[in-house]
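To start, the structure itself, in structure tokens.
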2 protein chains.
Amino acid sequence: MIAIGQAAKVSDLPVKTVRYYDEIELVKPSGRAANGYRLYDETDIRKLVFVRHARVFGFSLATCRELLDLYENPSRTSKEVKEITSQRLEEIRQKMNELRHLYNELSHLKNNCHGDARPNCPIIDFLAETKECIAP
Amino acid sequence: MIAIGQAAKVSDLPVKTVRYYDEIELVKPSGRAANGYRLYDETDIRKLVFVRHARVFGFSLATCRELLDLYENPSRTSKEVKEITSQRLEEIRQKMNELRHLYNELSHLKNNCHGDARPNCPIIDFLAETKECIAP
DNA sequence: GTTAAAGTCTCCTGTTGCTGGAAGGTCAAC
DNA sequence: GTTGACCTTCCAGCAACAGGAGACTTTAAC
């Protein structure tokens with residue numbers, strides 16, 4: 001049983017984050033010392049690391065909770081896990097498409113901008129465009 | 001001079017957002033009616049639309065403020081605008097790379113997962129991996 | 001034995017960009 | 001005169017923490 005500082009170091013998370021995960025009841029320490037210090041055992045550490053890994057993939061804390069439940073549930077099915085993973089992959093794909101779109105449009109604007117000392121700028125012009133809503 | 005509801009409709013922003021932009025002094029209404037109602041003129045509307053467009057590209061409100069300053073500044077240089085745009089493009093590129101990376105790793109895990117009724121799951125195994133920090 | 005540093009605790013605030021709701025004032029139509 | 005659509009302010013909350021205050025304990029050095 002180790003205190004929060006060590007737990008944070010071993011699981012490679014900030015102390016603040018570990019405390020936060022306790023607060024929201026995502027990963028609670030197995031016990032408390034007589035002085036009130038949180039005490040983490042190896043199982044707790046495994047959960048912290050598990051959550052850290054899941055967070056890297058961008059899973060929300062809500063989804064991390066689900067995954068953690070599955071992790072701990074010996075009668076889970078890999079189907080459930082795969083389902084959650086598919087959803088995340090779909091999110092990532094959508095986000096990537098969005099960004100690609102923005103990137104193309106914005107770099108197009110950039111390429112048309114002289115980038116010199118004059119005020120004339122197609123980027124500003126585009127952002128200021130009001131054809132859609134205000135009559136000129 | 002129109003009230004906030006019309007201003008919101010014309011600029012295609014939620015009323016709440018327009019009010020918020022006033023509060024943070026990003027786009028303030030030109031005046032107030034005797035009854036306290038916010039009053040927006042055409043210039044205000046143009047600014048609201050400008051911000052909406054910039055937001056679509058993912059510019060933060062802080063950056064929108066800069067862009068709005070440049071928009072209003074007749075002695076701006078297109079160089080400044082292009083610079084800000086380049087930064088945003090770089091951000092987008094980084095984000096895209098990140099996502100591509102995550103996507104590849106995660107879809108690799110997914111492909112190795114049977115997705116059946118058994119509990120065995122390489123995705124869970126990967127997330128639970130503690131080689132880095134805990135001795136087995 | 002004392003003291004200084006490091007670790008821990010709880011509680012509160014701030015971040016970004018809004019959104020929703022409560023309680024109340026105002027205005028036009030019927 | 002009253003309904004309904006506006007408008008006002010203020011307060012709470014979302015995600016996922018980070019920073020800091022103020023108070024305690026523990027550990028290490030001298």
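Within each chain, counting starts at residue 1; across the structure tokens, chains are named A, B, ... in the order shown, with ligands numbered 1 upward in that order.
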
Hey, list the chain B side of the contact with chain D: 10 Å cut-off, only C-alpha atoms (C1' of nucleotides), answer as a ChimeraX atom specification.
/B:3-5,35-38

Selected residues written out with C-alpha atoms, as a CSV table (one decimal), in the first residue's frame:
```csv
chain,number,residue,atom,x,y,z
B,3,ALA,CA,-32.6,43.9,-30.6
B,4,ILE,CA,-30.7,40.8,-29.7
B,5,GLY,CA,-33.2,38.3,-31.1
B,35,ASN,CA,-35.6,49.7,-21.4
B,36,GLY,CA,-32.2,48.1,-21.2
B,37,TYR,CA,-32.4,46.0,-24.4
B,38,ARG,CA,-29.2,45.6,-26.3
```

DSSP on the backbone: what in chain B comes out strand (DSSP E), as a list in words?
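After running DSSP on the backbone, chain B has strand (DSSP E) at Gly31, Arg32, Arg38 and Leu39 of chain B.
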
Chain B near chain A within 6 Å: what's each residue's closest atom pair and its distance in Å to one decimal, counting only C-alpha atoms, ordered by chain then ascending residue number, as JSON lines?
```
{"residue": "B:Val10", "atom": "CA", "partner": "A:Cys133", "partner_atom": "CA", "distance": 5.9}
{"residue": "B:Phe50", "atom": "CA", "partner": "A:Ala128", "partner_atom": "CA", "distance": 4.9}
{"residue": "B:His53", "atom": "CA", "partner": "A:Leu127", "partner_atom": "CA", "distance": 5.4}
{"residue": "B:Arg76", "atom": "CA", "partner": "A:Pro119", "partner_atom": "CA", "distance": 5.0}
{"residue": "B:Thr77", "atom": "CA", "partner": "A:Pro119", "partner_atom": "CA", "distance": 4.4}
{"residue": "B:Ser78", "atom": "CA", "partner": "A:Gly115", "partner_atom": "CA", "distance": 4.7}
{"residue": "B:Lys79", "atom": "CA", "partner": "A:Gly115", "partner_atom": "CA", "distance": 3.7}
{"residue": "B:Lys82", "atom": "CA", "partner": "A:Gly115", "partner_atom": "CA", "distance": 5.7}
{"residue": "B:Gly115", "atom": "CA", "partner": "A:Lys79", "partner_atom": "CA", "distance": 3.7}
{"residue": "B:Asp116", "atom": "CA", "partner": "A:Lys79", "partner_atom": "CA", "distance": 4.8}
{"residue": "B:Ala117", "atom": "CA", "partner": "A:Thr77", "partner_atom": "CA", "distance": 4.6}
{"residue": "B:Arg118", "atom": "CA", "partner": "A:Thr77", "partner_atom": "CA", "distance": 4.9}
{"residue": "B:Pro119", "atom": "CA", "partner": "A:Thr77", "partner_atom": "CA", "distance": 4.4}
{"residue": "B:Cys121", "atom": "CA", "partner": "A:Ser78", "partner_atom": "CA", "distance": 5.2}
{"residue": "B:Leu127", "atom": "CA", "partner": "A:Phe50", "partner_atom": "CA", "distance": 5.1}
{"residue": "B:Ala128", "atom": "CA", "partner": "A:Phe50", "partner_atom": "CA", "distance": 4.9}
{"residue": "B:Cys133", "atom": "CA", "partner": "A:Val10", "partner_atom": "CA", "distance": 5.9}
```

With 9 Å as the limit and counting only C-alpha atoms (C1' of nucleotides), what residues in chain C lie close to chain A? Please list them as a list in words.
DG7, DT8 and DC9 of chain C

Just to be explicit: take each residue in the selection above, keep N, CA, C and O atoms (P, O5', C5', C4', C3', O3' and C1' of nucleotides), and write the result as a short mmCIF file (atom, residue, chain, number, x, y, z; two decimals), in the first residue's frame.
```
data_model
loop_
_atom_site.label_atom_id
_atom_site.label_comp_id
_atom_site.auth_asym_id
_atom_site.auth_seq_id
_atom_site.Cartn_x
_atom_site.Cartn_y
_atom_site.Cartn_z
P DG C 7 8.34 15.15 -2.22
"O5'" DG C 7 6.97 14.67 -1.56
"C5'" DG C 7 7.01 13.66 -0.57
"C4'" DG C 7 5.72 13.69 0.22
"C3'" DG C 7 4.46 13.71 -0.65
"O3'" DG C 7 3.75 12.48 -0.45
"C1'" DG C 7 4.29 15.18 1.22
P DT C 8 2.50 12.12 -1.31
"O5'" DT C 8 1.26 12.66 -0.47
"C5'" DT C 8 0.96 12.07 0.80
"C4'" DT C 8 -0.05 12.90 1.53
"C3'" DT C 8 -1.31 13.24 0.75
"O3'" DT C 8 -2.29 12.24 0.94
"C1'" DT C 8 -0.57 15.03 2.17
P DC C 9 -3.72 12.44 0.26
"O5'" DC C 9 -4.45 13.56 1.15
"C5'" DC C 9 -4.84 13.22 2.47
"C4'" DC C 9 -5.52 14.41 3.15
"C3'" DC C 9 -6.66 15.01 2.33
"O3'" DC C 9 -7.87 14.36 2.63
"C1'" DC C 9 -5.25 16.72 3.24
#
```

Can you list, as a short mmCIF file (atom, residue, chain, number, x, y, z; two decimals) with C-alpha atoms, in the first residue's frame, every protein, DNA or RNA residue that comes within 9 Å of Tyr40 of chain B when you count only C-alpha atoms (C1' of nucleotides), leaving out same-chain residues fewer than 3 positions away?
```
data_model
loop_
_atom_site.label_atom_id
_atom_site.label_comp_id
_atom_site.auth_asym_id
_atom_site.auth_seq_id
_atom_site.Cartn_x
_atom_site.Cartn_y
_atom_site.Cartn_z
CA MET B 1 -30.71 49.17 -34.66
CA ILE B 2 -32.14 45.78 -33.83
CA ALA B 3 -32.58 43.86 -30.59
CA ILE B 4 -30.66 40.75 -29.71
CA GLN B 6 -33.01 39.72 -34.55
CA ALA B 7 -29.26 40.18 -34.33
CA LYS B 28 -20.51 44.71 -27.82
CA PRO B 29 -23.80 46.18 -28.99
CA SER B 30 -23.57 49.78 -30.15
CA GLY B 31 -26.11 50.84 -27.62
CA ARG B 32 -28.94 50.07 -25.26
CA THR B 43 -21.38 46.99 -38.02
CA ASP B 44 -22.05 44.89 -34.94
CA ILE B 45 -23.75 42.27 -37.07
#
```

For the helix (DSSP H, G or I) assignment from backbone DSSP, which residues of segment 2-101 of chain B qualify? Please present them as a PyMOL selection string.
chain B and resi 4-11+15-23+42-56+61-72+78-101

Atom-to-atom span, atom CA of Ala62 of chain B and atom CA of Thr17 of chain B, Å
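We find that atom CA of Ala62 of chain B and atom CA of Thr17 of chain B lie 15.2 Å from each other.
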
Atom CA of Lys16 of chain B to atom C1' of DA29 of chain C, straight-line distance in Å:
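Rounded to one decimal, the two atoms are 26.7 Å apart.
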